[in-house]
file coords18.txt (compact mmCIF, C-alpha atoms)
# COMPACT_ATOMS: atom_id res chain seq x y z
CA MET X 1 107.49 84.71 95.08
CA THR X 2 109.53 86.47 92.46
CA PHE X 3 112.25 89.00 92.98
CA SER X 4 114.52 91.19 90.93
CA ILE X 5 117.73 93.06 91.65
CA SER X 6 118.92 96.18 89.89
CA ILE X 7 121.73 98.64 90.51
CA ASN X 8 121.50 102.26 89.49
CA GLU X 9 124.30 104.62 88.42
CA ALA X 10 124.84 105.76 92.01
CA GLY X 11 125.46 102.19 93.08
CA VAL X 12 122.17 101.85 94.96
CA ILE X 13 120.95 98.25 94.91
CA ARG X 14 117.21 97.80 94.56
CA LEU X 15 115.76 94.46 95.58
CA SER X 16 112.09 94.08 94.61
CA ILE X 17 110.15 91.16 96.06
CA GLU X 18 106.68 90.19 94.87
CA GLY X 19 104.12 87.66 96.06
CA GLU X 20 104.80 85.70 99.22
CA LEU X 21 108.00 85.70 101.24
CA ASP X 22 107.60 82.82 103.64
CA ALA X 23 109.00 79.50 104.78
CA VAL X 24 108.22 78.00 101.38
CA THR X 25 110.05 80.59 99.29
CA VAL X 26 112.66 82.12 101.58
CA SER X 27 115.53 79.80 100.62
CA ASP X 28 115.57 81.22 97.07
CA LEU X 29 115.91 84.74 98.42
CA ARG X 30 118.57 83.80 100.96
CA ALA X 31 120.72 82.31 98.20
CA GLU X 32 120.45 85.54 96.21
CA ILE X 33 121.25 87.64 99.26
CA GLU X 34 124.44 85.65 99.79
CA LYS X 35 125.52 86.52 96.23
CA LEU X 36 124.54 90.14 96.76
CA LEU X 37 126.70 90.41 99.84
CA MET X 38 129.81 89.43 97.88
CA ARG X 39 129.85 92.83 96.19
CA GLN X 40 130.64 96.27 97.56
CA ILE X 41 127.48 97.53 99.22
CA GLY X 42 126.36 101.03 100.04
CA ARG X 43 122.62 101.50 100.08
CA VAL X 44 120.11 98.70 99.55
CA GLU X 45 116.47 99.57 98.86
CA VAL X 46 114.05 96.70 99.40
CA ASP X 47 110.83 97.34 97.50
CA LEU X 48 107.97 95.38 99.10
CA SER X 49 105.12 97.23 97.42
CA GLN X 50 104.08 94.06 95.59
CA LEU X 51 104.58 91.72 98.55
CA ARG X 52 101.28 90.16 99.65
CA MET X 53 102.39 87.88 102.49
CA LEU X 54 105.32 87.87 104.89
CA ASP X 55 105.93 85.35 107.65
CA SER X 56 108.58 85.00 110.35
CA SER X 57 110.89 83.07 108.01
CA GLY X 58 110.78 85.92 105.53
CA VAL X 59 111.37 88.41 108.32
CA GLY X 60 114.45 86.41 109.31
CA ALA X 61 115.91 86.78 105.82
CA LEU X 62 115.25 90.53 105.70
CA VAL X 63 116.72 91.10 109.16
CA SER X 64 119.76 89.03 108.22
CA LEU X 65 120.23 91.19 105.12
CA TYR X 66 119.87 94.33 107.23
CA LYS X 67 122.45 93.19 109.79
CA GLN X 68 124.99 92.06 107.22
CA VAL X 69 124.75 95.21 105.14
CA ARG X 70 125.02 97.37 108.24
CA ALA X 71 128.07 95.38 109.38
CA ARG X 72 129.71 96.32 106.05
CA GLY X 73 128.95 99.98 106.59
CA GLY X 74 125.93 100.14 104.30
CA GLU X 75 122.27 100.82 104.91
CA VAL X 76 119.01 99.03 104.13
CA VAL X 77 115.73 100.84 103.59
CA VAL X 78 112.45 99.00 103.09
CA LEU X 79 109.95 100.76 100.85
CA GLY X 80 106.32 100.31 99.84
CA LEU X 81 105.10 98.21 102.77
CA ARG X 82 101.34 97.76 103.04
CA ASP X 83 98.68 95.38 104.32
CA GLN X 84 99.85 92.13 105.95
CA PRO X 85 103.61 92.72 105.58
CA LEU X 86 103.18 96.17 107.15
CA ALA X 87 101.24 94.64 110.07
CA ILE X 88 104.11 92.18 110.66
CA PHE X 89 106.74 94.94 110.46
CA ARG X 90 104.83 97.05 112.97
CA LEU X 91 104.25 94.14 115.35
CA LEU X 92 107.96 93.27 115.36
CA ARG X 93 108.89 96.96 115.53
CA LEU X 94 111.00 96.66 112.40
CA ASP X 95 109.39 99.82 111.05
CA ARG X 96 111.55 101.80 113.46
CA VAL X 97 114.82 100.67 111.93
CA MET X 98 114.33 99.44 108.38
CA VAL X 99 111.51 101.40 106.85
CA GLY X 100 111.57 104.52 104.70
CA ALA X 101 110.49 107.71 106.45
CA GLU X 102 106.95 107.65 105.02
CA LEU X 103 105.99 104.67 107.16
CA LYS X 104 108.16 105.08 110.22
CA THR X 105 106.36 104.80 113.53
CA PRO X 106 107.53 107.60 115.81
CA ALA X 107 109.39 106.44 118.93
CA SER X 108 107.13 108.57 121.08
CA PRO X 109 104.38 111.11 120.45
CA SER X 110 105.63 114.55 119.64
CA PRO X 111 104.60 116.95 122.43
CA SER X 112 104.27 119.92 120.14
CA LYS X 113 104.32 120.85 116.52
CA HIS X 114 107.64 122.58 116.09
CA PRO X 115 108.71 123.03 112.51
CA SER X 116 111.45 120.46 112.03
CA SER X 117 114.91 121.40 110.99
CA SER X 118 116.09 119.92 107.74
CA SER X 119 119.67 119.46 108.92
CA MET T 1 96.38 67.38 104.48
CA LEU T 2 100.05 66.43 104.46
CA GLY T 3 102.26 68.37 106.84
CA LEU T 4 104.34 69.90 104.08
CA LEU T 5 105.04 73.57 103.58
CA GLU T 6 103.77 73.25 100.04
CA HIS T 7 100.30 72.55 101.45
CA ARG T 8 100.23 75.63 103.63
CA ASP T 9 98.83 77.85 100.91
CA VAL T 10 95.75 75.64 100.61
CA ALA T 11 95.16 75.84 104.36
CA LEU T 12 95.56 79.61 104.43
CA ARG T 13 93.20 80.14 101.53
CA ALA T 14 90.53 78.21 103.40
CA VAL T 15 91.16 80.23 106.55
CA SER T 16 91.05 83.50 104.61
CA ALA T 17 87.72 82.55 103.03
CA ALA T 18 86.29 81.51 106.41
CA CYS T 19 87.14 84.90 107.90
CA LYS T 20 84.50 86.44 105.66
CA LEU T 21 81.84 84.32 107.36
CA VAL T 22 82.27 85.79 110.82
CA SER T 23 80.61 89.09 109.95
CA ARG T 24 77.06 89.60 108.80
CA ARG T 25 78.31 92.60 106.86
CA PRO T 26 81.01 91.37 104.47
CA TYR T 27 82.64 94.72 103.74
CA ARG T 28 83.34 96.01 107.24
CA PRO T 29 86.69 97.81 107.06
CA GLU T 30 88.06 96.06 110.16
CA LEU T 31 87.42 92.68 108.56
CA ASN T 32 90.53 93.07 106.42
CA GLU T 33 92.78 93.53 109.44
CA PHE T 34 91.01 90.63 111.18
CA ARG T 35 91.71 88.39 108.19
CA MET T 36 95.36 89.48 107.99
CA HIS T 37 95.90 88.65 111.65
CA VAL T 38 94.20 85.27 111.46
CA VAL T 39 96.01 84.22 108.28
CA SER T 40 99.35 85.36 109.72
CA ALA T 41 98.83 83.40 112.96
CA VAL T 42 97.61 80.21 111.30
CA GLY T 43 100.48 80.40 108.82
CA GLU T 44 102.99 80.56 111.65
CA ALA T 45 101.29 77.65 113.42
CA PHE T 46 101.41 75.58 110.24
CA ASN T 47 105.12 76.40 109.83
CA ASN T 48 105.87 75.34 113.40
CA ILE T 49 104.21 71.95 112.97
CA VAL T 50 106.02 71.23 109.71
CA LEU T 51 109.44 72.62 110.63
CA HIS T 52 109.55 71.46 114.27
CA GLY T 53 106.82 68.89 114.98
CA TYR T 54 107.55 66.98 111.78
CA ALA T 55 111.21 68.00 111.42
CA GLY T 56 112.99 65.70 108.98
CA ARG T 57 109.79 63.94 107.93
CA ASN T 58 107.62 64.28 104.87
CA ASP T 59 104.83 61.90 105.85
CA GLY T 60 103.25 63.97 108.61
CA VAL T 61 99.57 64.83 108.61
CA ILE T 62 97.87 68.04 109.73
CA GLU T 63 94.14 68.05 110.36
CA MET T 64 92.54 71.46 110.33
CA GLU T 65 89.08 72.35 111.55
CA ILE T 66 87.65 75.83 111.13
CA ARG T 67 84.62 76.97 113.10
CA THR T 68 82.95 80.29 112.48
CA ASP T 69 80.39 81.93 114.73
CA PRO T 70 79.02 85.44 114.54
CA ASP T 71 82.05 87.64 115.24
CA ARG T 72 84.43 84.76 116.07
CA ILE T 73 86.66 82.29 114.25
CA THR T 74 88.30 79.23 115.78
CA VAL T 75 90.94 77.22 113.96
CA GLU T 76 92.05 73.90 115.37
CA LEU T 77 95.22 72.25 114.07
CA ARG T 78 95.90 68.63 115.01
CA ASP T 79 99.20 66.86 114.33
CA TYR T 80 100.99 63.67 115.33
CA GLY T 81 104.53 65.02 115.47
CA ASP T 82 106.76 66.05 118.33
CA SER T 83 105.05 68.12 121.03
CA PHE T 84 106.40 71.29 122.54
CA ASP T 85 105.94 73.24 125.75
CA LEU T 86 104.06 76.41 124.91
CA ASP T 87 104.84 77.97 128.29
CA ALA T 88 108.56 77.46 127.76
CA VAL T 89 108.66 79.50 124.56
CA ALA T 90 110.53 82.67 125.40
CA THR T 91 109.34 86.09 124.35
CA PRO T 92 111.86 87.46 121.84
CA ASP T 93 113.75 90.65 122.62
CA LEU T 94 112.70 92.74 119.63
CA ASP T 95 115.38 95.34 120.30
CA LEU T 96 117.98 92.72 119.34
CA LEU T 97 116.35 92.22 115.91
CA PRO T 98 116.03 88.44 116.22
CA GLU T 99 116.10 86.43 113.00
CA SER T 100 114.21 83.44 114.40
CA GLY T 101 111.97 82.46 117.27
CA LEU T 102 109.22 84.86 116.21
CA GLY T 103 106.45 82.46 115.22
CA ILE T 104 104.77 81.93 118.60
CA PHE T 105 105.15 85.63 119.37
CA ILE T 106 103.22 86.49 116.19
CA ILE T 107 100.54 83.91 116.96
CA ARG T 108 100.07 85.21 120.51
CA ALA T 109 99.91 88.80 119.32
CA PHE T 110 97.19 88.12 116.77
CA MET T 111 95.05 85.34 118.28
CA SER T 112 94.19 83.58 121.51
CA ILE T 113 96.07 80.30 121.74
CA ARG T 114 95.55 77.00 123.54
CA TYR T 115 97.76 73.93 123.18
CA ARG T 116 97.24 70.39 124.34
CA PRO T 117 100.20 68.06 123.68
CA GLY T 118 99.45 64.41 122.98
CA ARG T 119 98.32 62.12 120.21
CA PRO T 120 97.32 64.23 118.45
CA ASN T 121 98.76 67.55 119.56
CA VAL T 122 95.92 70.05 119.42
CA LEU T 123 96.56 73.72 118.82
CA THR T 124 93.47 75.91 119.05
CA LEU T 125 93.56 79.48 117.81
CA SER T 126 90.62 81.83 118.15
CA LYS T 127 89.85 85.46 117.55
CA CYS T 128 86.88 87.75 118.04
CA LEU T 129 85.90 90.39 115.56
CA ALA T 130 84.92 93.49 117.48
CA ALA T 131 81.16 94.00 117.59
CA ASP T 132 79.86 95.88 114.59
CA PRO T 133 78.69 99.31 115.81
CA LYS T 134 75.91 99.19 113.22
CA ASP T 135 74.48 96.08 114.92
CA VAL T 136 74.50 97.51 118.44
CA PRO T 137 71.81 99.99 119.51
CA LYS T 138 73.42 102.98 121.21
CA GLU T 139 71.61 102.48 124.50
CA SER T 140 72.90 98.91 124.81
CA VAL T 141 76.59 99.46 124.10
CA PRO T 142 78.45 97.33 126.68
CA ARG T 143 80.67 99.18 129.16
CA GLY T 144 83.42 96.56 129.30
CA ASN T 145 85.79 95.38 126.59
CA PRO T 146 84.02 92.63 124.65
CA SER T 147 87.23 91.15 123.31
CA GLU T 148 88.89 88.17 124.96
CA GLY T 149 92.51 89.15 125.00
CA ASP T 150 92.71 89.40 121.26
CA SER T 151 94.74 92.22 119.91
call {"tool": "encode", "arguments": {"input": "coords18.txt", "output": "structure tokens"}}
result
Amino acid sequence: MTFSISINEAGVIRLSIEGELDAVTVSDLRAEIEKLLMRQIGRVEVDLSQLRMLDSSGVGALVSLYKQVRARGGEVVVLGLRDQPLAIFRLLRLDRVMVGAELKTPASPSPSKHPSSSS
Amino acid sequence: MLGLLEHRDVALRAVSAACKLVSRRPYRPELNEFRMHVVSAVGEAFNNIVLHGYAGRNDGVIEMEIRTDPDRITVELRDYGDSFDLDAVATPDLDLLPESGLGIFIIRAFMSIRYRPGRPNVLTLSKCLAADPKDVPKESVPRGNPSEGDS
């Protein structure tokens, strides 16, 4: 697993994780998350587009990040999920709370096709 | 192999390769999802043995046997560490966003599971690949669900 952290001009933190986030590699990420949480946090975008494998240990680290950022008034959005990590997110219903709108699973089927309001 | 997390990748690569043997047609689209589920479940099982069965030890051994039949894979993991009670493992409340205790839930969701504690402990995971529609003549399509509790 490799990961990188960048911060844009608006203060949005982008955490990109590649490879495998699992019981073998998760301690490295947890240590970096601890450092990350020492700064002022608004929005955190977690880019998992290059993540090949995610296990329950990796999920634990991502959920911990989500809870801690939310407790500080920030938000976490997971982007780019696909394949095995997406299957794990959907199984654990994390796609309903942490995932960008393009992959969100609706809470229930929409009964009709009303045009949605943008507000 | 040794019951170390560092050896898990070797086990999962073997399992992933074996998944390709369960279908006569290697490029069936559903085979990819089948492989993802099997690799995920076996990975969690391997983690559990290392982190719980062999907790605090680095000399544990895991024996893995993979059997493939047409449309089915069976993976047996044998270890000599601490046993556990599969029936006592609680189902996590996903609404509470748990950070741990998800491994057995993932295994159960993706594969059928049997566990026999002892020396060795034997964990048997199996999964059916749904019958290939191209192999089944239309007039003989079975009425019931051919799967065996697999998701």
call {"tool": "residues_around", "arguments": {"input": "coords18.txt", "residues": "Gly11 (chain X)", "least_positions_apart": "2", "cutoff": "9 Å", "atoms": "all atoms listed in the file", "output": "list in words"}}
result
Ile7, Asn8, Glu9, Ile13, Ile41, Gly42 and Arg43 of chain X
call {"tool": "closest_residue", "arguments": {"input": "coords18.txt", "among": "X:Val59, X:Ala71, X:Leu48, X:Val97", "to": "Leu15 (chain X)", "atoms": "all atoms listed in the file"}}
result
X:Leu48
call {"tool": "closest_atom_pairs", "arguments": {"input": "coords18.txt", "of": "region 17-91 of chain X", "to": "region 9-30 of chain T", "cutoff": "12 Å", "atoms": "all atoms listed in the file", "output": "Markdown table"}}
result
| residue | atom | partner | partner_atom | distance |
| --- | --- | --- | --- | --- |
| X:Glu20 | CA | T:Asp9 | CA | 10.0 |
| X:Asp22 | CA | T:Asp9 | CA | 10.4 |
| X:Ala23 | CA | T:Asp9 | CA | 11.0 |
| X:Val24 | CA | T:Asp9 | CA | 9.4 |
| X:Thr25 | CA | T:Asp9 | CA | 11.7 |
| X:Met53 | CA | T:Asp9 | CA | 10.8 |
call {"tool": "interface_residues", "arguments": {"input": "coords18.txt", "of": "chain T", "to": "chain X", "cutoff": "9 Å", "atoms": "only C-alpha atoms", "output": "list in words"}}
result
Leu5, Glu6, Arg8, Asn32, Glu33, Met36, His37, Ser40, Gly43, Glu44, Asn47, Leu94, Asp95, Leu97, Pro98, Glu99, Ser100, Gly101, Leu102, Gly103, Ile106 and Ala109 of chain T
call {"tool": "residues_around", "arguments": {"input": "coords18.txt", "residues": "Asp28 (chain X)", "least_positions_apart": "6", "cutoff": "10 Å", "atoms": "only C-alpha atoms", "output": "MDAnalysis selection string"}}
result
chainID X and resid 1:3 21
call {"tool": "closest_residue", "arguments": {"input": "coords18.txt", "among": "X:Ser49, X:Val44, X:Gly19, X:Val26", "to": "Gly74 (chain X)", "atoms": "only C-alpha atoms"}}
result
X:Val44
call {"tool": "atom_distance", "arguments": {"input": "coords18.txt", "atom1": "CA of Asp87 (chain T)", "atom2": "CA of Met64 (chain T)"}}
result
22.7 Å
call {"tool": "axis_aligned_box", "arguments": {"input": "coords18.txt", "around": "region 70-78 of chain T", "padding_each_side": "8 Å", "output": "JSON"}}
result
{"center_x": 87.5, "center_y": 78.1, "center_z": 115.0, "size_x": 32.9, "size_y": 35.0, "size_z": 18.1}
call {"tool": "atom_distance", "arguments": {"input": "coords18.txt", "atom1": "CA of Leu36 (chain X)", "atom2": "CA of Ser16 (chain X)"}}
result
13.2 Å
call {"tool": "closest_residue", "arguments": {"input": "coords18.txt", "among": "X:Met98, X:Leu86, X:Leu65, X:Leu51", "to": "Ile33 (chain X)", "atoms": "all atoms listed in the file"}}
result
X:Leu65
call {"tool": "atom_distance", "arguments": {"input": "coords18.txt", "atom1": "CA of Thr91 (chain T)", "atom2": "CA of Arg116 (chain T)"}}
result
19.8 Å
